[in-house]
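A.B. asks: Supplied structure: my_file.cif, mmCIF, C-alpha atoms and all ligand atoms.
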```cif
data_model
#
loop_
_atom_site.label_atom_id
_atom_site.label_comp_id
_atom_site.auth_asym_id
_atom_site.auth_seq_id
_atom_site.Cartn_x
_atom_site.Cartn_y
_atom_site.Cartn_z
CA MET O 1 2.25 -11.10 20.74
CA LYS O 2 1.27 -10.32 17.17
CA ILE O 3 3.06 -10.42 13.82
CA ILE O 4 1.52 -7.88 11.48
CA ILE O 5 1.94 -5.99 8.23
CA SER O 6 1.55 -2.25 7.76
CA GLU O 7 -1.96 -2.58 6.37
CA ASP O 8 -3.15 -4.11 9.67
CA ILE O 9 -2.23 -0.83 11.35
CA LEU O 10 -3.92 1.23 8.68
CA GLU O 11 -7.13 -0.81 8.95
CA TYR O 12 -7.12 -0.63 12.73
CA THR O 13 -6.45 3.10 12.73
CA GLN O 14 -9.12 3.88 10.16
CA ALA O 15 -11.65 1.77 12.07
CA TYR O 16 -10.74 3.54 15.31
CA PHE O 17 -10.99 7.05 13.91
CA LYS O 18 -13.95 6.37 11.63
CA GLU O 19 -14.88 10.00 11.18
CA ILE O 20 -11.46 10.98 9.79
CA GLU O 21 -10.66 9.90 6.25
CA LEU O 22 -7.10 8.52 6.49
CA LYS O 23 -6.59 6.69 3.20
CA HIS O 24 -4.92 9.66 1.50
CA PHE O 25 -2.96 10.52 4.63
CA PHE O 26 -1.36 7.07 4.76
CA SER O 27 -0.85 6.94 0.99
CA GLN O 28 1.03 10.21 1.13
CA TYR O 29 3.14 9.58 4.18
CA LEU O 30 3.83 5.85 4.10
CA TYR O 31 3.88 4.90 0.44
CA ARG O 32 5.48 8.00 -1.07
CA PRO O 33 8.78 9.64 -0.20
CA GLU O 34 7.63 13.26 -0.37
CA ILE O 35 5.79 15.22 2.28
CA PRO O 36 3.17 17.89 1.49
CA VAL O 37 4.13 21.53 1.21
CA ILE O 38 1.89 24.35 2.39
CA HIS O 39 2.27 27.60 0.48
CA TYR O 40 0.72 30.53 2.26
CA LYS O 41 0.54 34.29 2.14
CA LEU O 42 -0.58 36.85 4.69
CA SER O 43 -1.64 40.30 3.59
CA GLU O 44 -3.17 43.26 5.34
CA THR O 45 -6.61 44.44 4.18
CA GLN O 46 -9.02 47.00 5.55
CA ASP O 47 -11.12 44.22 7.11
CA GLY O 48 -8.31 42.22 8.71
CA ILE O 49 -5.50 39.89 7.67
CA LYS O 50 -6.14 37.87 4.56
CA MET O 51 -4.61 34.40 4.65
CA GLN O 52 -4.26 32.52 1.37
CA TYR O 53 -3.03 28.96 1.48
CA GLN O 54 -2.70 25.92 -0.68
CA MET O 55 -1.30 22.47 -0.11
CA GLN O 56 0.88 20.82 -2.70
CA SER O 57 0.88 17.06 -2.25
CA GLN O 58 1.24 13.98 -4.42
CA GLU O 59 -2.07 12.65 -3.07
CA SER O 60 -4.42 15.06 -4.76
CA ASP O 61 -7.38 14.45 -2.42
CA LEU O 62 -5.41 14.81 0.80
CA LYS O 63 -6.83 17.26 3.35
CA ILE O 64 -5.09 18.19 6.59
CA PRO O 65 -6.58 20.35 9.33
CA ILE O 66 -3.93 22.74 10.63
CA LYS O 67 -4.07 24.82 13.78
CA VAL O 68 -3.39 28.52 13.46
CA ARG O 69 -3.10 30.89 16.38
CA VAL O 70 -4.65 34.28 15.78
CA GLY O 71 -3.94 36.55 18.71
CA ASN O 72 -4.95 34.47 21.71
CA GLN O 73 -7.40 32.26 19.82
CA THR O 74 -6.67 29.04 17.94
CA ILE O 75 -8.53 28.22 14.75
CA LYS O 76 -8.26 25.34 12.31
CA ILE O 77 -7.82 25.67 8.58
CA ILE O 78 -8.22 22.72 6.23
CA ALA O 79 -5.31 22.59 3.83
CA GLU O 80 -5.92 20.91 0.49
CA ASN O 81 -4.71 20.98 -3.09
CA LYS O 82 -6.57 24.11 -4.06
CA LEU O 83 -6.09 27.75 -3.26
CA LYS O 84 -8.15 28.87 -0.29
CA SER O 85 -8.58 32.18 1.37
CA LEU O 86 -9.66 33.33 4.79
CA LEU O 87 -10.09 36.67 6.54
CA LEU O 88 -8.65 36.69 10.05
CA GLU O 89 -9.91 39.02 12.75
CA THR O 90 -6.70 40.84 13.49
CA ASP O 91 -4.87 43.74 11.95
CA LYS O 92 -1.29 42.51 12.35
CA CYS O 93 0.41 39.71 10.41
CA SER O 94 2.58 39.10 13.47
CA ASP O 95 -0.56 38.00 15.37
CA VAL O 96 -0.91 34.99 13.04
CA GLN O 97 1.11 31.91 13.87
CA ILE O 98 0.73 28.53 12.21
CA LEU O 99 1.50 25.76 14.72
CA LYS O 100 4.08 24.25 12.41
CA ASN O 101 5.70 21.99 14.98
CA LEU O 102 2.57 19.83 15.19
CA TYR O 103 2.72 18.61 11.58
CA LEU O 104 5.08 16.86 9.23
CA LEU O 105 4.61 19.49 6.54
CA ASP O 106 6.93 21.92 4.85
CA PHE O 107 5.76 25.51 4.96
CA VAL O 108 6.64 28.11 2.36
CA ILE O 109 5.57 31.71 2.92
CA GLN O 110 4.90 33.66 -0.26
CA PRO O 111 6.15 37.23 -0.38
CA MET K 1 26.74 -9.60 18.79
CA ALA K 2 23.75 -8.16 16.96
CA CYS K 3 22.32 -9.30 13.62
CA GLN K 4 19.21 -7.22 12.98
CA GLY K 5 18.68 -6.67 9.28
CA ASP K 6 21.22 -9.24 8.12
CA GLY K 7 19.38 -11.96 10.03
CA ALA K 8 20.10 -14.62 12.62
CA SER K 9 21.15 -17.16 10.00
CA LEU K 10 24.48 -15.34 10.01
CA TRP K 11 25.36 -17.24 13.16
CA TRP K 12 22.90 -20.07 13.76
CA PRO K 13 20.82 -22.26 11.44
CA CYS K 14 17.21 -21.09 11.50
CA LYS K 15 14.16 -20.28 9.43
CA ASP K 16 15.31 -16.72 9.04
CA HIS K 17 12.19 -14.70 8.36
CA LEU K 18 10.32 -12.20 10.51
CA SER K 19 6.98 -13.82 9.70
CA ASP K 20 7.82 -16.90 11.74
CA GLU K 21 8.91 -16.92 15.37
CA PRO K 22 9.74 -19.96 17.49
CA ASN K 23 7.21 -20.24 20.33
CA THR K 24 9.85 -21.16 22.90
CA THR K 25 13.62 -21.14 22.78
CA VAL K 26 16.40 -22.73 24.81
CA ILE K 27 19.94 -21.39 24.52
CA LYS K 28 22.84 -23.31 26.03
CA ILE K 29 26.30 -21.77 26.00
CA THR K 30 29.53 -23.23 27.34
CA VAL K 31 32.27 -20.75 28.16
CA PRO K 32 35.58 -20.65 30.08
CA ASP K 33 34.72 -20.64 33.79
CA THR K 34 36.09 -17.14 34.25
CA LEU K 35 33.21 -15.77 32.17
CA LYS K 36 29.42 -15.59 32.28
CA ALA K 37 27.06 -16.18 29.36
CA VAL K 38 23.82 -14.22 29.34
CA ALA K 39 21.00 -14.77 26.85
CA ASN K 40 17.26 -14.14 26.56
CA GLY K 41 14.66 -15.35 29.04
CA ARG K 42 15.42 -17.05 32.36
CA LEU K 43 18.58 -18.78 33.49
CA ILE K 44 17.48 -22.34 34.11
CA THR K 45 20.83 -24.08 34.70
CA ASP K 46 24.28 -22.86 35.55
CA ARG K 47 26.90 -25.59 36.00
CA ARG K 48 30.50 -26.71 35.58
CA GLU K 49 31.27 -28.69 32.43
CA GLY K 50 34.57 -30.38 33.15
CA LYS K 51 37.86 -28.65 33.65
CA GLY K 52 37.79 -24.89 33.26
CA LYS K 53 34.39 -24.73 31.57
CA HIS K 54 30.96 -23.62 32.62
CA SER K 55 27.60 -23.85 30.88
CA PHE K 56 24.61 -21.54 31.12
CA THR K 57 21.20 -22.55 29.84
CA TRP K 58 18.56 -19.89 29.22
CA ALA K 59 14.90 -20.47 28.35
CA VAL K 60 12.58 -18.02 26.60
CA SER K 61 8.90 -18.59 27.30
CA TYR K 62 7.40 -16.32 24.62
CA PRO K 63 7.60 -16.22 20.81
CA ILE K 64 10.71 -14.34 19.73
CA ASN K 65 12.09 -12.83 16.51
CA SER K 66 15.11 -14.85 15.45
CA TYR K 67 17.25 -11.69 15.26
CA ASN K 68 16.44 -11.08 18.91
CA ILE K 69 17.99 -14.33 20.07
CA ASN K 70 21.32 -13.38 21.48
CA VAL K 71 24.27 -14.42 23.58
CA ASN K 72 26.56 -12.16 25.57
CA VAL K 73 29.76 -13.52 27.02
CA GLY K 74 31.91 -11.52 29.39
CA ASN K 75 33.46 -11.08 32.75
CA TYR K 76 30.11 -9.84 34.00
CA VAL K 77 28.99 -8.97 37.49
CA HIS K 78 25.30 -9.27 38.19
CA PHE K 79 22.96 -7.15 40.29
CA ASN K 80 19.21 -7.00 40.44
CA ASP K 81 16.25 -4.84 41.27
CA THR K 82 12.46 -5.10 41.18
CA TYR K 83 9.88 -3.04 39.35
CA THR K 84 6.40 -2.89 40.83
CA ALA K 85 3.54 -2.46 38.36
CA ASN K 86 0.39 -0.46 39.06
CA ASP K 87 -1.43 -3.64 40.03
CA GLY K 88 1.32 -4.58 42.51
CA ALA K 89 2.88 -7.31 40.35
CA LYS K 90 6.67 -7.56 40.65
CA LEU K 91 9.00 -7.67 37.65
CA ASP K 92 12.57 -8.93 38.01
CA LEU K 93 15.17 -6.52 36.70
CA ASP K 94 18.57 -8.15 36.17
CA TYR K 95 21.67 -6.30 35.13
CA TYR K 96 24.97 -7.70 33.87
CA VAL K 97 27.82 -5.21 33.63
CA LEU K 98 31.58 -5.16 33.58
CA PRO K 99 33.07 -5.07 37.09
CA TYR K 100 34.60 -1.61 36.77
CA ASN K 101 31.19 -0.15 35.85
CA LEU K 102 29.21 -1.72 38.68
CA GLU K 103 28.76 1.36 40.88
CA LYS K 104 28.02 3.58 37.89
CA ALA K 105 25.47 1.08 36.58
CA LYS K 106 23.69 0.77 39.92
CA LYS K 107 23.00 4.48 39.85
CA HIS K 108 22.42 4.87 36.12
CA PHE K 109 19.98 1.97 35.72
CA ARG K 110 17.57 3.40 38.30
CA GLN K 111 15.95 5.23 35.40
CA VAL K 112 14.59 1.90 34.18
CA HIS K 113 11.79 2.42 36.72
CA ASP K 114 10.77 5.69 35.04
CA VAL K 115 10.87 4.11 31.60
CA LEU K 116 8.83 1.05 32.55
CA GLY K 117 6.41 3.21 34.53
CA CYS K 118 5.70 5.56 31.63
CA PHE K 119 5.39 2.75 29.14
CA GLU K 120 3.01 0.93 31.45
CA GLU K 121 0.88 4.07 31.62
CA PHE K 122 0.73 4.40 27.83
CA PHE K 123 0.77 0.78 26.68
CA GLY K 124 0.15 -1.51 29.60
CA LYS K 125 2.54 -3.75 31.51
CA TYR K 126 5.90 -4.82 30.15
CA PRO K 127 5.01 -7.62 27.74
CA PHE K 128 7.56 -10.31 28.70
CA TRP K 129 6.84 -10.44 32.40
CA GLU K 130 7.67 -14.11 32.96
CA ASP K 131 11.09 -13.73 31.35
CA GLY K 132 11.99 -10.62 33.34
CA TYR K 133 13.81 -7.53 32.10
CA LYS K 134 17.57 -7.42 31.60
CA LEU K 135 20.21 -4.94 30.54
CA ILE K 136 23.51 -6.46 29.50
CA GLU K 137 26.57 -4.33 28.89
CA THR K 138 27.95 -4.69 25.37
CA SER K 139 30.75 -3.27 23.28
CA TYR K 140 28.23 -1.90 20.74
CA LEU K 141 25.61 0.79 21.29
CA GLY K 142 22.53 -1.32 21.83
CA MET K 143 19.89 -3.69 20.51
CA GLU K 144 16.39 -4.63 21.57
CA HIS K 145 17.07 -8.31 22.24
CA GLN K 146 13.86 -9.53 23.83
CA SER K 147 14.05 -9.48 27.65
CA ALA K 148 17.86 -9.13 27.35
CA ILE K 149 18.59 -5.67 26.01
CA ALA K 150 22.12 -4.99 24.81
CA TYR K 151 23.39 -1.82 26.45
CA GLY K 152 26.46 0.09 25.24
CA ASN K 153 25.64 3.78 25.73
CA LEU K 154 28.55 4.16 28.19
CA TYR K 155 26.22 5.27 31.05
CA ARG K 156 25.69 8.62 29.37
CA ARG K 157 22.62 10.76 28.84
CA GLY K 158 20.98 10.89 25.41
CA TYR K 159 22.78 9.16 22.59
CA LEU K 160 26.40 8.86 23.75
CA GLY K 161 25.99 12.12 25.66
CA ASP K 162 24.21 14.08 22.93
CA ARG K 163 21.09 14.43 20.71
CA ILE K 164 18.58 15.36 23.41
CA PRO K 165 17.60 18.80 24.73
CA LYS K 166 19.81 20.08 27.52
CA ASP K 167 17.08 19.94 30.16
CA MET K 168 16.49 16.22 29.55
CA ASN K 169 18.58 13.58 31.18
CA PHE K 170 17.47 10.12 30.08
CA ASP K 171 19.63 7.46 28.47
CA TYR K 172 18.46 7.09 24.87
CA ILE K 173 19.46 3.44 24.59
CA ILE K 174 17.61 2.36 27.72
CA LEU K 175 14.55 4.27 26.52
CA HIS K 176 14.59 3.28 22.86
CA GLU K 177 15.47 -0.39 23.28
CA SER K 178 12.97 -0.81 26.11
CA GLY K 179 10.32 0.70 23.83
CA HIS K 180 11.04 -2.07 21.35
CA GLU K 181 9.79 -4.60 23.87
CA TYR K 182 6.35 -3.29 22.86
CA PHE K 183 6.90 -2.36 19.19
CA GLY K 184 9.30 -4.81 17.64
CA ASN K 185 9.13 -7.68 20.07
CA SER K 186 5.48 -7.80 21.16
CA VAL K 187 3.94 -6.22 18.06
CA SER K 188 6.27 -7.40 15.30
CA ALA K 189 6.51 -6.80 11.57
CA SER K 190 6.21 -9.83 9.33
CA ASP K 191 8.65 -8.57 6.71
CA LEU K 192 11.67 -6.27 6.65
CA ALA K 193 9.63 -3.96 4.41
CA ASP K 194 7.41 -3.18 7.40
CA MET K 195 10.17 -2.38 9.86
CA TRP K 196 8.78 1.12 10.35
CA ILE K 197 6.32 -0.63 12.68
CA HIS K 198 9.25 -1.32 15.00
CA GLU K 199 11.20 1.88 14.60
CA SER K 200 8.58 4.59 14.07
CA PHE K 201 6.43 3.65 17.01
CA THR K 202 9.45 3.16 19.26
CA THR K 203 10.94 6.49 18.24
CA TYR K 204 7.58 8.12 18.92
CA MET K 205 7.51 6.38 22.32
CA GLU K 206 10.60 8.40 23.24
CA ALA K 207 8.49 11.55 22.90
CA LEU K 208 5.69 9.96 24.91
CA PHE K 209 8.20 9.25 27.66
CA VAL K 210 9.17 12.93 27.69
CA GLU K 211 5.48 13.84 27.84
CA CYS K 212 4.98 11.44 30.75
CA GLN K 213 8.01 12.76 32.65
CA MET K 214 7.72 16.44 31.77
CA SER K 215 4.89 17.77 29.58
CA TYR K 216 3.41 17.67 26.10
CA SER K 217 5.25 20.84 25.13
CA ALA K 218 8.54 19.23 26.22
CA ALA K 219 7.64 16.22 24.05
CA VAL K 220 7.14 18.54 21.08
CA ARG K 221 10.55 20.08 21.77
CA TYR K 222 12.01 16.58 21.80
CA LEU K 223 10.31 15.82 18.49
CA GLU K 224 11.86 18.98 17.06
CA TYR K 225 15.24 17.37 17.78
CA GLN K 226 14.19 14.42 15.61
CA ARG K 227 12.92 16.56 12.73
CA PRO K 228 16.26 17.43 11.05
CA PHE K 229 17.00 13.73 10.55
CA ILE K 230 14.03 13.31 8.19
CA ARG K 231 15.18 12.95 4.58
CA ASN K 232 12.04 12.00 2.56
CA GLU K 233 14.15 9.98 0.14
CA GLU K 234 12.09 6.82 -0.15
CA PRO K 235 8.75 5.49 1.14
CA ILE K 236 9.03 4.17 4.67
CA ILE K 237 7.22 0.99 3.69
CA GLY K 238 9.52 -1.08 1.51
CA VAL K 239 9.02 -3.97 -0.89
CA ARG K 240 7.85 -7.23 0.67
CA GLY K 241 9.26 -10.67 -0.01
CA VAL K 242 12.70 -9.56 -1.19
CA ASN K 243 14.54 -9.24 2.13
CA TRP K 244 14.24 -5.51 1.63
CA HIS K 245 16.61 -3.19 3.37
CA LYS K 246 16.35 0.56 3.63
CA ARG K 247 19.11 2.67 2.17
CA VAL K 248 21.95 2.98 4.62
CA THR K 249 21.80 6.76 4.61
CA THR K 250 18.18 7.21 5.65
CA SER K 251 16.62 6.88 9.05
CA ASP K 252 13.11 7.83 7.95
CA GLN K 253 11.69 4.63 9.42
CA TYR K 254 12.62 6.17 12.76
CA TYR K 255 12.16 9.92 12.66
CA LYS K 256 9.73 10.37 9.81
CA GLY K 257 7.55 7.61 11.21
CA SER K 258 7.62 9.25 14.61
CA TRP K 259 6.53 12.55 13.04
CA ILE K 260 3.78 10.83 11.07
CA LEU K 261 2.34 9.62 14.38
CA HIS K 262 2.78 13.07 15.90
CA THR K 263 0.96 14.57 12.89
CA LEU K 264 -1.82 12.02 13.14
CA ARG K 265 -2.28 12.90 16.80
CA SER K 266 -2.54 16.58 15.86
CA ILE K 267 -5.19 15.72 13.28
CA VAL K 268 -7.14 13.62 15.79
CA ASP K 269 -6.80 16.51 18.26
CA ASP K 270 -8.12 14.57 21.23
CA ASP K 271 -5.44 13.43 23.70
CA ASP K 272 -7.57 10.95 25.59
CA ARG K 273 -8.71 9.25 22.43
CA TRP K 274 -5.20 9.19 21.05
CA LYS K 275 -3.83 7.54 24.17
CA ALA K 276 -6.67 5.02 24.22
CA TYR K 277 -5.96 4.23 20.57
CA LEU K 278 -2.29 3.53 21.28
CA LYS K 279 -2.98 1.36 24.28
CA LYS K 280 -5.65 -0.66 22.53
CA PHE K 281 -3.36 -1.09 19.55
CA VAL K 282 -0.64 -2.77 21.60
CA GLN K 283 -3.00 -4.83 23.69
CA ARG K 284 -5.52 -6.02 21.12
CA ILE K 285 -4.32 -5.74 17.53
ZN ZN A 301 15.24 0.80 17.17
#
```
Here is a file; write its structure as structure tokens.
Ligand SMILES: [Zn+2]

C.D. replies:
Amino acid sequence: MKIIISEDILEYTQAYFKEIELKHFFSQYLYRPEIPVIHYKLSETQDGIKMQYQMQSQESDLKIPIKVRVGNQTIKIIAENKLKSLLLETDKCSDVQILKNLYLLDFVIQP
Amino acid sequence: MACQGDGASLWWPCKDHLSDEPNTTVIKITVPDTLKAVANGRLITDRREGKGKHSFTWAVSYPINSYNINVNVGNYVHFNDTYTANDGAKLDLDYYVLPYNLEKAKKHFRQVHDVLGCFEEFFGKYPFWEDGYKLIETSYLGMEHQSAIAYGNLYRRGYLGDRIPKDMNFDYIILHESGHEYFGNSVSASDLADMWIHESFTTYMEALFVECQMSYSAAVRYLEYQRPFIRNEEPIIGVRGVNWHKRVTTSDQYYKGSWILHTLRSIVDDDDRWKAYLKKFVQRI
């Protein structure tokens, strides 16, 4: 039996997953009302599908790895508060699927 | 009767703060002899008190949140069962229901075995072993009263027959309130501002139960049912020391918190480590 405060959980969790920086994650999700938004755009190029993405969050240093399925492979992108770009080895936008149901994030696709 | 949030001082004099729990509790109730009184812990005496009256004395052998201390008075019938843990230890399951629901309850409450089994797998044995596990029928939906869960879901699946995917068949109140025996009653918040500790973890446990019974992908489908309830209107940690209460309209301490844990698991991306983290958290924090 233990009586605790939230910070006990945060300390325990950070100590357990030492290699993952969780300070900004907890600040964003526990101490602020908003959740991050991922803006992304897929466009066809001669070399494959170009994926541009940017996170918009109140915690400016927050980074979240997000799984993306490309054909029958799964890759991870690291979303953060700056515009990033990636060339995916496929020629169809419909082959690219962000695994949105694994994350508490809002996703906005840019036209 | 349930007093979570408002506090136990509504109905009995006590030091009414989550940061302080009595180590042991004795509850004595005298009622007309046509009725039974059921409270937390073990029934230690049951006797006539003069003409037409009967007293029931219950003893709780663990620390307990004051809001969890509870009495239920009714024309109850009692039946019991036993849960066997992985190590062979036996847990008493006692059920108090209204007479016309007895047969329904005997069938419906069998799912308690599934719930306790899955929670044991994820978090270890039921934490209040010596006091046993009880479900007591109530006129309200439910409450996690320690070792004496209030049950009012009308023997239906989901939440009053709804709010879960069609291929799932569990009783939300049995599942959710039993989860609170771990998060809420065993691991407890010290201030109302930290109540997400109770509700978020317990709401996430519902998905873990689905994972245990069905699959991870079914658990994600269950979580998708929770997602529309997230409002993002205020931080889920409140202000300490002011008897803080969340806005009535938001249930982010439940669903958002559950999704925060789901998101964290996706970031960790290692199921074995995630499960070990949860178990160690309950057992050692
Ligand atoms: Zn609850």

A.B. asks: (3.6, 4.8, 7.3) in this file's frame - what residues fall within 9 Å of it? Use only C-alpha atoms and give the answer as number ranges by chain.

C.D. replies: O: 6, 10, 26-31; K: 194, 196-197, 200, 235-237, 253, 256-257, 260-261

A.B. asks: What is the distance between CA of Lys23 in chain O and CA of Leu83 in chain O, in Å to one decimal?

C.D. replies: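 Here the two named atoms are 22.0 Å from each other.
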
A.B. asks: Write as a PDB file with C-alpha atoms, keeping the file's coordinate frame the residues around ligand ZN 301 (chain A), taking 9 Å as the cut-off and counting only C-alpha atoms and all ligand atoms.

C.D. replies:
```pdb
ATOM      1  CA  GLY K 142      22.530  -1.320  21.830  1.00  0.00           C
ATOM      2  CA  MET K 143      19.890  -3.690  20.510  1.00  0.00           C
ATOM      3  CA  GLU K 144      16.390  -4.630  21.570  1.00  0.00           C
ATOM      4  CA  ILE K 173      19.460   3.440  24.590  1.00  0.00           C
ATOM      5  CA  HIS K 176      14.590   3.280  22.860  1.00  0.00           C
ATOM      6  CA  GLU K 177      15.470  -0.390  23.280  1.00  0.00           C
ATOM      7  CA  GLY K 179      10.320   0.700  23.830  1.00  0.00           C
ATOM      8  CA  HIS K 180      11.040  -2.070  21.350  1.00  0.00           C
ATOM      9  CA  GLY K 184       9.300  -4.810  17.640  1.00  0.00           C
ATOM     10  CA  HIS K 198       9.250  -1.320  15.000  1.00  0.00           C
ATOM     11  CA  GLU K 199      11.200   1.880  14.600  1.00  0.00           C
ATOM     12  CA  SER K 200       8.580   4.590  14.070  1.00  0.00           C
ATOM     13  CA  THR K 202       9.450   3.160  19.260  1.00  0.00           C
ATOM     14  CA  THR K 203      10.940   6.490  18.240  1.00  0.00           C
ATOM     15  CA  TYR K 254      12.620   6.170  12.760  1.00  0.00           C
TER      16      TYR K 254
END
```

A.B. asks: Return the neighbours of chain K among the residues of chain O, cut-off 6 Å, counting all atoms listed in the file, as a list in words.

C.D. replies: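 Here they are: Met1, Lys2, Ile3, Ile4, Ile5, Ser6, Leu30, Tyr31, Arg32, Pro33, Glu34, Leu102, Tyr103 and Leu104 of chain O.
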
A.B. asks: Counting only C-alpha atoms, what is within 9 Å of Lys84 in chain O, bar same-chain residues fewer than 3 positions away, as a PyMOL selection string?

C.D. replies: chain O and resi 51-54+78-80

A.B. asks: Which neighbours of Leu208 in chain K fall inside 10 Å, counting all atoms listed in the file, when residues of the same chain fewer than 2 positions from it are skipped, and could you give them as a ChimeraX atom specification?

C.D. replies: /K:118-119,122,202-206,210-216,218-220,222-223,262,275

A.B. asks: Rounded to one decimal in Å, what is the spacing between CA of Gly41 in chain K and CA of Ala148 in chain K?

C.D. replies: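 Pair CA of Gly41 in chain K / CA of Ala148 in chain K returns 7.2 Å.
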
A.B. asks: How many Å separate CA of His108 in chain K from CA of Gly74 in chain K?

C.D. replies: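 Atom-to-atom, CA of His108 in chain K to CA of Gly74 in chain K, that is 20.1 Å.
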
A.B. asks: Around range 56-74 of chain O, fit a box with edges along x, y and z, padding it by 3 Å on each side, then list its centre and edge lengths in Å to one decimal as AutoDock Vina command-line options.

C.D. replies:
```
--center_x -3.1 --center_y 24.6 --center_z 8.5 --size_x 14.6 --size_y 29.9 --size_z 32.5
```

A.B. asks: With all atoms listed in the file as the counted atoms, please give the residues lying no more than 7 Å from range 93-100 of chain O, apart from itself and same-chain residues fewer than 5 positions off, as a ChimeraX atom specification.

C.D. replies: /O:42,49,67-71

A.B. asks: Suppose we keep C-alpha atoms; can you now write the selection as a PDB file, in the coordinates of the input?

C.D. replies:
```pdb
ATOM      1  CA  LEU O  42      -0.580  36.850   4.690  1.00  0.00           C
ATOM      2  CA  ILE O  49      -5.500  39.890   7.670  1.00  0.00           C
ATOM      3  CA  LYS O  67      -4.070  24.820  13.780  1.00  0.00           C
ATOM      4  CA  VAL O  68      -3.390  28.520  13.460  1.00  0.00           C
ATOM      5  CA  ARG O  69      -3.100  30.890  16.380  1.00  0.00           C
ATOM      6  CA  VAL O  70      -4.650  34.280  15.780  1.00  0.00           C
ATOM      7  CA  GLY O  71      -3.940  36.550  18.710  1.00  0.00           C
TER       8      GLY O  71
END
```

A.B. asks: Counting only C-alpha atoms, which of O:Asp47, O:Glu11, O:Glu19, O:Asp106 gets nearest to Lys92 in chain O?

C.D. replies: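 Once distances to Lys92 in chain O are computed over only C-alpha atoms, the minimum belongs to O:Asp47.
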
A.B. asks: For each of O:Leu105, O:Asn72, O:Glu59, O:Ile9, take the minimum atom-to-atom distance to Thr90 in chain O, counting all atoms listed in the file, then give the residue where this is smallest.

C.D. replies: O:Asn72

A.B. asks: Tell me, as a ChimeraX atom specification, which residues lie within 12 Å of Pro111 in chain O, counting all atoms listed in the file; anything in the same chain fewer than 3 positions away does not count.

C.D. replies: /O:39-43,52,108

A.B. asks: Find the residues near Thr30 in chain K: any atom within 7 Å, counting all atoms listed in the file, skip ones fewer than 3 places away on the same chain, and give them as a ChimeraX atom specification.

C.D. replies: /K:53-56
